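K.L.:
Sharing model-v1.txt, compact mmCIF, C-alpha atoms:
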# COMPACT_ATOMS: atom_id res chain seq x y z
CA MET V 1448 45.24 37.16 74.36
CA LYS V 1449 48.49 36.87 76.32
CA ILE V 1450 51.73 37.16 74.35
CA LEU V 1451 55.22 36.46 75.70
CA VAL V 1452 58.18 37.89 73.76
CA SER V 1453 61.85 36.99 74.24
CA GLY V 1454 64.72 39.20 73.15
CA SER V 1455 62.95 42.40 74.17
CA THR V 1456 66.09 44.55 74.00
CA GLY V 1457 66.96 43.62 70.40
CA GLN V 1458 66.07 45.63 67.31
CA VAL V 1459 62.81 43.83 66.52
CA GLY V 1460 61.98 43.49 70.22
CA ASN V 1461 62.15 47.24 70.74
CA GLU V 1462 60.10 47.92 67.62
CA LEU V 1463 57.47 45.40 68.70
CA GLN V 1464 57.24 47.11 72.09
CA LEU V 1465 56.41 50.37 70.30
CA LEU V 1466 53.65 48.75 68.26
CA ALA V 1467 52.31 46.86 71.26
CA SER V 1468 51.95 50.11 73.22
CA GLN V 1469 49.60 51.43 70.54
CA GLN V 1470 47.01 48.64 70.73
CA SER V 1471 44.87 46.96 73.38
CA ASP V 1472 43.86 43.67 71.74
CA TYR V 1473 46.78 41.77 73.24
CA GLU V 1474 48.48 41.63 76.62
CA PHE V 1475 52.21 41.59 75.94
CA THR V 1476 54.99 40.56 78.31
CA PHE V 1477 58.46 41.45 77.04
CA LYS V 1478 61.51 39.75 78.54
CA SER V 1479 65.19 40.39 78.00
CA SER V 1480 67.85 37.67 78.07
CA ASP V 1481 68.28 38.29 81.80
CA ALA V 1482 64.65 37.38 82.52
CA LEU V 1483 64.31 34.67 79.87
CA ASP V 1484 67.69 33.07 79.25
CA LEU V 1485 67.51 31.06 76.04
CA GLY V 1486 70.74 29.35 77.02
CA SER V 1487 68.97 27.75 79.97
CA ALA V 1488 66.39 24.99 79.58
CA GLU V 1489 65.19 25.71 83.11
CA SER V 1490 64.62 29.40 82.36
CA ILE V 1491 62.64 28.50 79.25
CA LYS V 1492 60.55 25.99 81.18
CA GLU V 1493 59.80 28.51 83.96
CA ASN V 1494 58.68 31.20 81.51
CA LEU V 1495 56.56 29.12 79.14
CA ASP V 1496 53.58 28.51 81.39
CA SER V 1497 50.23 27.23 80.15
CA ASN V 1498 48.54 30.66 80.35
CA ILE V 1499 50.45 32.02 77.35
CA ASP V 1500 48.46 32.16 74.11
CA ALA V 1501 51.48 32.94 71.92
CA PHE V 1502 55.25 33.03 72.28
CA ILE V 1503 57.34 35.17 69.92
CA ASN V 1504 61.00 34.22 69.98
CA LEU V 1505 63.16 37.20 69.03
CA GLY V 1506 66.13 36.26 71.16
CA ALA V 1507 69.21 35.05 69.27
CA TYR V 1508 72.98 34.84 69.29
CA THR V 1509 73.76 37.28 66.47
CA GLN V 1510 77.52 37.87 66.73
CA VAL V 1511 78.19 36.13 63.42
CA ASP V 1512 81.99 36.34 63.47
CA GLN V 1513 82.35 35.64 67.19
CA ALA V 1514 80.22 32.52 66.77
CA GLU V 1515 83.08 30.87 64.88
CA GLN V 1516 84.96 30.74 68.21
CA ASP V 1517 82.01 30.67 70.60
CA THR V 1518 80.24 27.68 69.05
CA LYS V 1519 78.78 26.25 72.26
CA ALA V 1520 77.00 29.46 73.28
CA CYS V 1521 75.76 30.11 69.75
CA TYR V 1522 74.20 26.65 69.44
CA ALA V 1523 72.72 26.81 72.94
CA ILE V 1524 70.77 29.99 72.13
CA ASN V 1525 70.03 29.54 68.41
CA ALA V 1526 69.47 25.79 68.21
CA ASP V 1527 69.09 24.00 71.56
CA ALA V 1528 66.73 26.67 72.87
CA LEU V 1529 64.25 25.94 70.08
CA TYR V 1530 64.03 22.31 71.16
CA HIS V 1531 63.29 23.41 74.73
CA ILE V 1532 60.73 25.97 73.56
CA ALA V 1533 58.94 23.32 71.51
CA LYS V 1534 59.11 20.86 74.41
CA TYR V 1535 57.92 23.11 77.23
CA ALA V 1536 55.39 25.35 75.49
CA SER V 1537 51.79 24.32 75.93
CA PRO V 1538 50.22 22.67 72.85
CA ASN V 1539 47.78 25.61 72.93
CA THR V 1540 50.57 28.19 72.71
CA LYS V 1541 51.26 29.58 69.24
CA ILE V 1542 55.02 29.77 68.60
CA ILE V 1543 56.48 32.36 66.20
CA HIS V 1544 60.23 32.29 65.63
CA LEU V 1545 62.44 34.80 63.81
CA SER V 1546 65.14 33.19 61.68
CA SER V 1547 67.65 34.29 59.05
CA ASP V 1548 68.48 34.37 55.35
CA TYR V 1549 71.84 32.84 56.33
CA VAL V 1550 70.25 29.37 56.21
CA TYR V 1551 70.13 29.35 52.39
CA ASN V 1552 73.24 29.82 50.17
CA SER V 1553 72.04 27.44 47.45
CA ILE V 1554 70.42 29.85 44.97
CA LYS V 1555 72.23 32.66 43.12
CA ASP V 1556 70.19 33.71 40.09
CA ARG V 1557 66.60 34.30 41.29
CA PRO V 1558 64.70 35.21 44.47
CA ILE V 1559 64.96 32.43 47.04
CA LEU V 1560 61.89 30.35 47.86
CA GLU V 1561 61.14 28.79 51.25
CA THR V 1562 61.28 25.38 49.55
CA ASP V 1563 64.82 25.89 48.25
CA PRO V 1564 67.58 23.82 49.91
CA THR V 1565 69.28 25.11 53.04
CA THR V 1566 73.06 24.83 52.86
CA PRO V 1567 74.23 27.16 55.64
CA LEU V 1568 77.86 28.23 55.90
CA GLY V 1569 79.45 29.03 59.25
CA VAL V 1570 78.48 28.37 62.85
CA TYR V 1571 75.82 31.07 63.12
CA ALA V 1572 74.08 30.02 59.90
CA LYS V 1573 74.10 26.33 60.83
CA SER V 1574 72.78 27.07 64.32
CA LYS V 1575 69.85 29.02 62.89
CA ARG V 1576 69.01 26.19 60.46
CA ASP V 1577 69.24 23.59 63.24
CA GLY V 1578 67.05 25.73 65.49
CA GLU V 1579 64.32 25.78 62.85
CA GLY V 1580 64.52 22.00 62.58
CA ASN V 1581 64.38 21.55 66.35
CA LEU V 1582 61.25 23.69 66.57
CA LEU V 1583 59.35 22.35 63.58
CA GLY V 1584 60.33 18.77 64.38
CA LEU V 1585 58.19 18.94 67.53
CA ARG V 1586 55.78 21.72 66.61
CA SER V 1587 54.72 21.61 62.98
CA ASP V 1588 52.11 24.29 63.78
CA ALA V 1589 54.83 26.87 64.56
CA VAL V 1590 55.66 29.85 62.34
CA VAL V 1591 59.25 30.51 61.23
CA ILE V 1592 60.03 33.83 59.53
CA ARG V 1593 63.34 34.14 57.69
CA THR V 1594 64.48 37.72 57.21
CA SER V 1595 67.56 39.61 56.02
CA TRP V 1596 69.81 42.60 56.68
CA VAL V 1597 67.86 43.90 59.68
CA TYR V 1598 68.25 47.50 60.83
CA SER V 1599 66.41 49.86 63.18
CA SER V 1600 66.71 53.11 65.07
CA PHE V 1601 67.47 50.84 68.03
CA GLY V 1602 70.64 48.85 68.70
CA HIS V 1603 73.67 48.23 66.53
CA ASN V 1604 73.23 47.85 62.78
CA PHE V 1605 74.62 48.83 59.39
CA VAL V 1606 72.59 52.04 59.07
CA LYS V 1607 73.74 53.45 62.40
CA SER V 1608 77.32 52.36 61.76
CA MET V 1609 77.33 54.17 58.41
CA LEU V 1610 75.86 57.33 59.94
CA LYS V 1611 78.65 57.32 62.51
CA LEU V 1612 81.55 56.33 60.26
CA GLY V 1613 80.41 58.57 57.43
CA THR V 1614 80.83 61.64 59.61
CA GLU V 1615 84.18 60.47 60.97
CA ARG V 1616 85.92 59.49 57.72
CA ASN V 1617 86.30 60.83 54.20
CA GLN V 1618 85.99 57.41 52.57
CA LEU V 1619 84.97 53.86 53.40
CA ASN V 1620 85.68 50.48 51.81
CA ILE V 1621 82.44 48.46 51.65
CA VAL V 1622 81.59 45.06 50.21
CA SER V 1623 79.78 45.13 46.87
CA ASP V 1624 79.44 41.43 45.96
CA GLN V 1625 76.77 40.45 48.52
CA ILE V 1626 73.23 41.08 47.26
CA GLY V 1627 70.12 41.33 49.43
CA ALA V 1628 67.37 43.53 50.79
CA PRO V 1629 67.76 45.75 53.87
CA THR V 1630 64.77 45.10 56.14
CA TYR V 1631 63.38 47.58 58.66
CA ALA V 1632 62.80 45.98 62.06
CA ARG V 1633 59.58 47.97 62.48
CA ASP V 1634 58.20 46.33 59.33
CA ILE V 1635 59.13 42.93 60.78
CA ALA V 1636 57.36 43.83 64.03
CA SER V 1637 54.26 44.78 62.05
CA VAL V 1638 54.30 41.40 60.31
CA LEU V 1639 54.57 39.67 63.69
CA MET V 1640 51.49 41.55 64.88
CA THR V 1641 49.64 40.45 61.75
CA CYS V 1642 50.67 36.83 62.35
CA LEU V 1643 48.95 36.96 65.74
CA ALA V 1644 45.68 37.69 63.96
CA HIS V 1645 46.10 34.51 61.89
CA PRO V 1646 46.09 31.70 64.50
CA THR V 1647 46.09 28.90 61.91
CA LEU V 1648 49.20 30.20 60.14
CA SER V 1649 52.08 27.71 60.21
CA GLY V 1650 55.29 26.83 58.40
CA ILE V 1651 58.28 28.73 57.02
CA PHE V 1652 57.95 32.20 55.47
CA ASN V 1653 60.41 34.65 53.93
CA TYR V 1654 60.04 38.31 54.80
CA ALA V 1655 62.23 41.19 53.63
CA ASN V 1656 61.58 44.64 52.27
CA LYS V 1657 61.04 44.83 48.52
CA GLY V 1658 63.94 45.23 46.11
CA GLN V 1659 67.63 44.49 46.26
CA THR V 1660 71.02 46.18 46.58
CA HIS V 1661 74.56 45.52 47.78
CA TRP V 1662 76.23 46.90 50.88
CA ALA V 1663 78.28 49.58 49.10
CA ASP V 1664 75.28 51.05 47.27
CA TYR V 1665 73.25 50.74 50.46
CA ALA V 1666 75.80 52.99 52.16
CA ARG V 1667 75.78 55.43 49.24
CA ILE V 1668 72.01 55.84 49.52
CA ILE V 1669 72.25 56.39 53.28
CA PHE V 1670 74.80 59.15 52.69
CA LYS V 1671 72.79 60.69 49.85
CA LEU V 1672 69.59 60.84 51.91
CA THR V 1673 71.32 62.34 54.94
CA GLY V 1674 73.67 64.70 53.12
CA ILE V 1675 76.78 63.02 54.54
CA GLU V 1676 79.82 63.51 52.33
CA CYS V 1677 81.77 60.27 52.37
CA GLU V 1678 83.21 58.39 49.40
CA VAL V 1679 82.41 54.68 49.17
CA ASN V 1680 84.89 52.30 47.55
CA ASN V 1681 83.68 48.89 46.39
CA ILE V 1682 85.59 45.91 47.77
CA SER V 1683 85.04 42.16 47.56
CA THR V 1684 84.00 39.82 50.34
CA SER V 1685 87.44 38.22 50.24
CA GLU V 1686 89.08 41.63 50.68
CA PHE V 1687 86.88 42.35 53.69
CA ASN V 1688 88.07 39.03 55.15
CA ALA V 1689 85.45 38.48 57.86
CA ALA V 1690 85.85 35.51 60.20
CA ALA V 1691 82.50 33.98 59.20
CA PRO V 1692 81.20 33.45 55.65
CA ARG V 1693 78.29 35.61 54.45
CA PRO V 1694 75.66 34.72 51.85
CA GLU V 1695 76.47 36.12 48.42
CA TRP V 1696 72.79 36.15 47.43
CA SER V 1697 70.01 36.93 49.92
CA VAL V 1698 67.18 38.13 47.69
CA LEU V 1699 64.10 36.49 49.20
CA ASP V 1700 60.88 35.62 47.40
CA CYS V 1701 58.20 36.88 49.79
CA SER V 1702 55.10 35.99 47.77
CA LYS V 1703 54.09 33.24 50.20
CA ILE V 1704 53.73 35.55 53.19
CA THR V 1705 52.07 38.34 51.20
CA LYS V 1706 49.39 35.91 50.06
CA ALA V 1707 48.95 34.27 53.46
CA LEU V 1708 48.58 37.60 55.30
CA ASN V 1709 46.99 39.56 52.43
CA MET V 1710 49.64 42.25 52.72
CA THR V 1711 51.97 44.39 50.64
CA ILE V 1712 55.66 44.92 51.31
CA ALA V 1713 57.30 48.35 51.26
CA PRO V 1714 60.37 48.98 49.09
CA TRP V 1715 63.53 48.98 51.17
CA GLU V 1716 64.36 52.59 50.24
CA GLU V 1717 60.96 53.75 51.53
CA SER V 1718 61.42 52.01 54.87
CA LEU V 1719 64.98 53.31 55.16
CA LYS V 1720 63.66 56.87 54.92
CA LYS V 1721 61.21 56.17 57.77
CA CYS V 1722 64.04 54.90 59.95
CA LEU V 1723 66.23 57.91 59.18
CA LEU V 1724 63.33 60.20 60.13
CA GLU V 1725 63.08 58.30 63.44
CA LEU V 1726 66.78 58.97 63.96
CA GLY V 1727 66.16 62.69 63.55
CA TYR V 1728 67.34 63.31 60.01
CA GLU V 1729 65.45 65.79 57.84
CA LEU V 1730 65.24 64.23 54.39
Would you mind giving the structure from this file in structure tokens?
P.N.:
Amino acid sequence: MKILVSGSTGQVGNELQLLASQQSDYEFTFKSSDALDLGSAESIKENLDSNIDAFINLGAYTQVDQAEQDTKACYAINADALYHIAKYASPNTKIIHLSSDYVYNSIKDRPILETDPTTPLGVYAKSKRDGEGNLLGLRSDAVVIRTSWVYSSFGHNFVKSMLKLGTERNQLNIVSDQIGAPTYARDIASVLMTCLAHPTLSGIFNYANKGQTHWADYARIIFKLTGIECEVNNISTSEFNAAAPRPEWSVLDCSKITKALNMTIAPWEESLKKCLLELGYEL
């Protein structure tokens, strides 16, 4: 089974490369944005040949604040690309696309279901929602996985930023009114591998590690586990004053995917410890 993966240098892309190297059931081809440019319809067309059994789209424009100014590029990669992928992929090619919790924003008091309304705020969020629509509009057999608060031992993310800033400063001001679940990119990569073993799987699925927290407490737990002495002060989203709006509530109901794939989901604290061990910390 031949699998093509875009976004190979991202957090999930790197984690999937690790998992792929440990198995022999699939023949993976990983491509970075240089080799498979999602902003180019021609590049997508050239890469999606008929010999591919599955295409996993991990490439994305993820600079959430910059997207407010760079709208054209954000939409080209996050939205228009999905139309081209759906158009040029062979009908026999399984398409799996990684999306975001940013598409929601309509539920505040319970875990969010895949069937809940999508009312995205900001350019990035709207581009991700439109990308899903572009894909599923042409390929109803595709799989879309919405995830949240992704981190890894690879790339830039909240965990690595806290590890750096926590050793440089005595205290940090961190938002405490956004609620969600940190999700380990390696766990996402594992789910993607499982999806490949379920060829009839289709539709939209939530996936995040189990539990919930807010960013300030997330940082406190990182510091506690690693022994970093840094005081965390709670601040509001309005005080942080980011260019792009963030979801206040990103707690995802993941029962649909656990039933479909017959799987369990690790608590976010457990997966965080695994990532910190990968980064060389002795817990």
K.L.:
For Lys1607 in chain V, please output as a list of chain:residue names all residues within 10 Å (counting all atoms listed in the file; exclusion window: fewer than 4 positions along the same chain).
P.N.:
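Final neighbour list, sorted by chain and number: V:Tyr1598, V:Ser1599, V:Ser1600, V:Phe1601, V:Gly1602, V:His1603, V:Lys1611, V:Leu1612, V:Gly1613, V:Ile1669, V:Leu1723, V:Leu1726.
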K.L.:
Could you pull the residues within 6 Å of range 1522-1536 of chain V, counting all atoms listed in the file, minus those fewer than 3 positions along the same chain, as a list in words?
P.N.:
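Answer for this query is Leu1485, Gly1486, Ala1488, Lys1492, Leu1495, Ala1507, Lys1519, Ser1574, Lys1575, Asp1577, Gly1578, Asn1581, Leu1582 and Leu1585 of chain V.
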K.L.:
Tell me, in Å to one decimal, how far CA of Ser1468 in chain V is from CA of Val1591 in chain V.
P.N.:
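CA of Val1591 in chain V lies 24.1 Å from CA of Ser1468 in chain V.
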K.L.:
Rounded to one decimal, what separation in Å do you get between CA of Glu1515 in chain V and CA of Asn1552 in chain V?
P.N.:
17.7 Å
K.L.:
Considering all atoms listed in the file, state which residue in the set V:Arg1586, V:Asp1512, V:Gln1464, V:Ile1450 is at the smallest distance from Asn1494 in chain V.
P.N.:
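Distance minimum relative to Asn1494 in chain V lands on V:Ile1450.
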K.L.:
Rounded to one decimal, what separation in Å do you get between CA of Ile1704 in chain V and CA of Asn1653 in chain V?
P.N.:
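Computing it gives 6.8 Å between the two atoms.
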K.L.:
Can you list, as a VMD selection string, every protein, DNA or RNA residue that comes within 10 Å of Ser1587 in chain V when you count only C-alpha atoms, leaving out same-chain residues fewer than 6 positions away?
P.N.:
chain V and resid 1533 1542 1580 1649 to 1651
K.L.:
List every protein, DNA or RNA residue that has at least one atom no more than 8 Å from (63.2, 44.2, 77.1) in the file's coordinates, counting only C-alpha atoms, and write the result as a ChimeraX atom specification.
P.N.:
/V:1453-1457,1460-1461,1477-1479
K.L.:
Keeping only C-alpha atoms, write the selected residues to a file as a compact mmCIF listing (two decimals), keeping the file's coordinate frame.
P.N.:
# COMPACT_ATOMS: atom_id res chain seq x y z
CA SER V 1453 61.85 36.99 74.24
CA GLY V 1454 64.72 39.20 73.15
CA SER V 1455 62.95 42.40 74.17
CA THR V 1456 66.09 44.55 74.00
CA GLY V 1457 66.96 43.62 70.40
CA GLY V 1460 61.98 43.49 70.22
CA ASN V 1461 62.15 47.24 70.74
CA PHE V 1477 58.46 41.45 77.04
CA LYS V 1478 61.51 39.75 78.54
CA SER V 1479 65.19 40.39 78.00
K.L.:
With 7 Å as the threshold, what does the neighbourhood of (64.0, 37.1, 57.3) contain in terms of residues, counting all atoms listed in the file? Coordinates are those of the file; answer as a ChimeraX atom specification.
P.N.:
/V:1546-1548,1592-1595,1653-1655
K.L.:
Save the residues we just selected, C-alpha atoms, as a PDB file, in the frame of the given file?
P.N.:
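Contents of out35.pdb, freshly written:
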ATOM      1  CA  SER V1546      65.140  33.190  61.680  1.00  0.00           C
ATOM      2  CA  SER V1547      67.650  34.290  59.050  1.00  0.00           C
ATOM      3  CA  ASP V1548      68.480  34.370  55.350  1.00  0.00           C
ATOM      4  CA  ILE V1592      60.030  33.830  59.530  1.00  0.00           C
ATOM      5  CA  ARG V1593      63.340  34.140  57.690  1.00  0.00           C
ATOM      6  CA  THR V1594      64.480  37.720  57.210  1.00  0.00           C
ATOM      7  CA  SER V1595      67.560  39.610  56.020  1.00  0.00           C
ATOM      8  CA  ASN V1653      60.410  34.650  53.930  1.00  0.00           C
ATOM      9  CA  TYR V1654      60.040  38.310  54.800  1.00  0.00           C
ATOM     10  CA  ALA V1655      62.230  41.190  53.630  1.00  0.00           C
TER      11      ALA V1655
END
K.L.:
Set the distance at 8 Å and use only C-alpha atoms: which residues neighbour Leu1610 in chain V once local chain neighbours fewer than 4 positions away are removed? I'd like the list as JSON, numbers by chain.
P.N.:
{"V": [1606, 1614, 1669, 1670, 1675]}
